[in-house]
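J.: Below is the structure I would like to discuss, written out as structure tokens.
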Amino acid sequence: RNATHRTGGIAVGLSSTGATLLESASPKHHKHTQTIPHVLDNGMQEGRDFMAYDNKGRPVSFSKVLESALTHAHLEPKVVFLGEYHDDPVAHALELEIFKRAVDNKPSRENSLALSLEMFERDVQGVMTEYLKGCIRERDLEKDGRSWPNYSDYRPLVELARSQLVPVICANAPRRYVSLAGRTGRDSLHDLPPHALASLPPLPYPSPSEHYVRKTDGLMAQAAAEMRAAKAAEAAAGEGGEG
């Protein structure tokens with residue numbers, strides 16, 4: 001649920017589950033303080049389909065989120081990080097709304113705005129650029145770009161970028177190199193040939209902080225416990241049905 005200004009950036013968490021800046025609404029949520037709810041192009045309405053909170057868990061308006069993400073032009077470079085659950089349609093709709101506002105408010109200078117996507121890996125940047133320039137078909141982008149199965153959820157972002165001549169950055173490290181580091185350690189990345197290193201950040205990359213490790217380990221443990229509980233509940237329901 002962070003909306004914390006850092007050096008040149010803002011972090012916005014998008015989720016349906018609660019501990020984030022933006023989340024799907026439910027009857028249990030606090031009454032929203034905004035008098036005129038924000039309505040997205042797809043009909044989703046603030047207070048009914050989603051709510052916004054600040055980093056202390058207090059309700060705020062979605063307009064405030066947009067203001068935080070798209071103002072403060074004195075920060076250079078300005079980076080807006082959007083965190084999400086990949087299968088959350090509310091998050092995807094909110095991301096598109098934020099990106100639309102960014103496109104509408106981008107400075108006139110060339111390459112003043114870019115869209116960066118975790119879905120696409122660095123070694124398919126050429127494929128993405130070919131698609132944005134109209135050289136290849138969308139089916140080629142999905143196949144050769146190795147898009148996720150739910151690419152359709154992110155397609156509006158890419159198509160908006162394409163129509164407005166906004167570059168799209170394929171941001172993720174290739175999975176085969178992530179797997180290599182996970183299996184044999186980060187030092188093994190130094191043995192990769194030059195063309196492979198071009199798809200990675202400068203080596204050696206920094207180690208995570210102790211706070212980050214503790215937080216990540218805690219989140220993974222929580223997720224594992226929730227998965228076990230869900231499987232147990234599913235098994236119990238199946239046994240009850242058989243009886």
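Labeling convention for the structure tokens: chains A, B, ... as they appear, residues from 1 per chain, ligands from 1 in order of appearance.
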Residues near Leu200 in chain A, anyone? I mean within 10 Å using only C-alpha atoms, not counting same-chain ones fewer than 6 positions away, as a list of chain:residue names.
T.: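 Those residues are A:Glu121, A:Arg122, A:Asp123, A:Ala171, A:Asn172, A:Ala173, A:Pro174, A:Tyr177, A:Val178, A:Leu189.
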J.: Generate the output file for the selected residues, C-alpha atoms, as a PDB file, in the first residue's frame.
T.:
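Result file is out.pdb:
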ATOM      1  CA  GLU A 121      12.252 -10.147 -21.599  1.00  0.00           C
ATOM      2  CA  ARG A 122      15.210  -8.070 -22.696  1.00  0.00           C
ATOM      3  CA  ASP A 123      16.250 -10.398 -25.504  1.00  0.00           C
ATOM      4  CA  ALA A 171      12.291  -5.075 -18.975  1.00  0.00           C
ATOM      5  CA  ASN A 172      12.664  -8.573 -17.552  1.00  0.00           C
ATOM      6  CA  ALA A 173      15.880 -10.565 -17.471  1.00  0.00           C
ATOM      7  CA  PRO A 174      15.542 -13.679 -19.677  1.00  0.00           C
ATOM      8  CA  TYR A 177      19.570 -16.539 -17.044  1.00  0.00           C
ATOM      9  CA  VAL A 178      17.419 -16.091 -13.934  1.00  0.00           C
ATOM     10  CA  LEU A 189      26.487 -15.047 -15.038  1.00  0.00           C
TER      11      LEU A 189
END
J.: Within 9 Å of range 162-170 of chain A, counting only C-alpha atoms, which residues qualify if same-chain residues fewer than 6 places away don't, as a list of chain:residue names?
T.: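 After dropping sequence-adjacent residues, the list is A:Val103, A:Asn111, A:Ser112, A:Leu113, A:Ala114, A:Leu115, A:Ser116, A:Leu117, A:Glu118, A:Met119, A:Phe120, A:Glu121, A:Arg122, A:Asp123, A:Val124, A:Gln125, A:Met128, A:Thr129, A:Tyr131, A:Leu132, A:Lys133, A:Gly134.
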J.: What does the file look like for those residues with N, CA and C atoms, as a PDB file, in the first residue's frame?
T.:
ATOM      1  N   VAL A 103       0.173   9.587 -21.074  1.00  0.00           N
ATOM      2  CA  VAL A 103       0.266   9.893 -22.499  1.00  0.00           C
ATOM      3  C   VAL A 103      -0.314  11.277 -22.784  1.00  0.00           C
ATOM      4  N   ASN A 111      10.772  10.959 -27.045  1.00  0.00           N
ATOM      5  CA  ASN A 111      11.161   9.957 -26.045  1.00  0.00           C
ATOM      6  C   ASN A 111      11.040  10.488 -24.620  1.00  0.00           C
ATOM      7  N   SER A 112      10.054  11.348 -24.390  1.00  0.00           N
ATOM      8  CA  SER A 112       9.843  11.872 -23.037  1.00  0.00           C
ATOM      9  C   SER A 112       9.048  10.906 -22.169  1.00  0.00           C
ATOM     10  N   LEU A 113       8.489   9.867 -22.779  1.00  0.00           N
ATOM     11  CA  LEU A 113       7.695   8.884 -22.051  1.00  0.00           C
ATOM     12  C   LEU A 113       7.974   7.506 -22.624  1.00  0.00           C
ATOM     13  N   ALA A 114       8.057   6.508 -21.763  1.00  0.00           N
ATOM     14  CA  ALA A 114       8.226   5.123 -22.210  1.00  0.00           C
ATOM     15  C   ALA A 114       7.432   4.212 -21.281  1.00  0.00           C
ATOM     16  N   LEU A 115       6.976   3.099 -21.816  1.00  0.00           N
ATOM     17  CA  LEU A 115       6.259   2.075 -21.060  1.00  0.00           C
ATOM     18  C   LEU A 115       7.177   0.885 -20.887  1.00  0.00           C
ATOM     19  N   SER A 116       7.381   0.449 -19.656  1.00  0.00           N
ATOM     20  CA  SER A 116       8.241  -0.700 -19.370  1.00  0.00           C
ATOM     21  C   SER A 116       7.383  -1.840 -18.839  1.00  0.00           C
ATOM     22  N   LEU A 117       7.562  -3.043 -19.416  1.00  0.00           N
ATOM     23  CA  LEU A 117       6.730  -4.189 -19.053  1.00  0.00           C
ATOM     24  C   LEU A 117       7.580  -5.361 -18.588  1.00  0.00           C
ATOM     25  N   GLU A 118       7.204  -5.909 -17.435  1.00  0.00           N
ATOM     26  CA  GLU A 118       7.875  -7.094 -16.903  1.00  0.00           C
ATOM     27  C   GLU A 118       7.608  -8.315 -17.779  1.00  0.00           C
ATOM     28  N   MET A 119       6.459  -8.352 -18.426  1.00  0.00           N
ATOM     29  CA  MET A 119       6.071  -9.526 -19.203  1.00  0.00           C
ATOM     30  C   MET A 119       7.104  -9.900 -20.262  1.00  0.00           C
ATOM     31  N   PHE A 120       7.692  -8.902 -20.892  1.00  0.00           N
ATOM     32  CA  PHE A 120       8.606  -9.155 -22.002  1.00  0.00           C
ATOM     33  C   PHE A 120      10.056  -9.115 -21.520  1.00  0.00           C
ATOM     34  N   GLU A 121      10.864 -10.038 -22.032  1.00  0.00           N
ATOM     35  CA  GLU A 121      12.252 -10.147 -21.599  1.00  0.00           C
ATOM     36  C   GLU A 121      13.166  -9.352 -22.520  1.00  0.00           C
ATOM     37  N   ARG A 122      14.316  -8.986 -21.994  1.00  0.00           N
ATOM     38  CA  ARG A 122      15.210  -8.070 -22.696  1.00  0.00           C
ATOM     39  C   ARG A 122      15.624  -8.576 -24.073  1.00  0.00           C
ATOM     40  N   ASP A 123      15.748  -9.885 -24.231  1.00  0.00           N
ATOM     41  CA  ASP A 123      16.250 -10.398 -25.504  1.00  0.00           C
ATOM     42  C   ASP A 123      15.207 -10.395 -26.616  1.00  0.00           C
ATOM     43  N   VAL A 124      13.978  -9.935 -26.317  1.00  0.00           N
ATOM     44  CA  VAL A 124      12.967  -9.809 -27.369  1.00  0.00           C
ATOM     45  C   VAL A 124      12.651  -8.343 -27.648  1.00  0.00           C
ATOM     46  N   GLN A 125      13.536  -7.450 -27.213  1.00  0.00           N
ATOM     47  CA  GLN A 125      13.300  -6.034 -27.460  1.00  0.00           C
ATOM     48  C   GLN A 125      13.178  -5.739 -28.953  1.00  0.00           C
ATOM     49  N   MET A 128       9.666  -6.498 -30.147  1.00  0.00           N
ATOM     50  CA  MET A 128       8.723  -5.453 -29.740  1.00  0.00           C
ATOM     51  C   MET A 128       8.870  -4.214 -30.610  1.00  0.00           C
ATOM     52  N   THR A 129      10.091  -3.790 -30.852  1.00  0.00           N
ATOM     53  CA  THR A 129      10.316  -2.603 -31.672  1.00  0.00           C
ATOM     54  C   THR A 129       9.793  -2.807 -33.086  1.00  0.00           C
ATOM     55  N   TYR A 131       7.295  -4.657 -33.925  1.00  0.00           N
ATOM     56  CA  TYR A 131       5.834  -4.573 -33.880  1.00  0.00           C
ATOM     57  C   TYR A 131       5.379  -3.122 -33.767  1.00  0.00           C
ATOM     58  N   LEU A 132       6.027  -2.355 -32.906  1.00  0.00           N
ATOM     59  CA  LEU A 132       5.630  -0.961 -32.731  1.00  0.00           C
ATOM     60  C   LEU A 132       5.781  -0.178 -34.028  1.00  0.00           C
ATOM     61  N   LYS A 133       6.754  -0.540 -34.846  1.00  0.00           N
ATOM     62  CA  LYS A 133       6.985   0.147 -36.119  1.00  0.00           C
ATOM     63  C   LYS A 133       6.111  -0.395 -37.245  1.00  0.00           C
ATOM     64  N   GLY A 134       5.282  -1.409 -36.945  1.00  0.00           N
ATOM     65  CA  GLY A 134       4.380  -1.951 -37.952  1.00  0.00           C
ATOM     66  C   GLY A 134       5.017  -2.929 -38.912  1.00  0.00           C
TER      67      GLY A 134
END
J.: Take CA of Leu203 in chain A and CA of Asp144 in chain A and report the distance between them in Å, one decimal.
T.: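 Calculated distance between CA of Leu203 in chain A and CA of Asp144 in chain A is 27.0 Å.
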J.: Find the distance between CA of Glu67 in chain A and CA of Pro89 in chain A and write it in Å to one decimal.
T.: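 Straight-line distance from CA of Glu67 in chain A to CA of Pro89 in chain A works out to 22.3 Å.
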J.: I'd like to know which of A:Lys78, A:His86, A:His92, A:Lys231 is closest to Phe50 in chain A, using only C-alpha atoms.
T.: A:His92
J.: Report as a PyMOL selection string: the residues of range 95-215 of chain A with a DSSP assignment of strand (DSSP E), based on the backbone of this structure.
T.: chain A and resi 115-121+168-172
J.: Counting only C-alpha atoms, which of A:Asp104, A:Glu46, A:Asp87, A:Glu142 gets nearest to Ser61 in chain A?
T.: A:Glu46
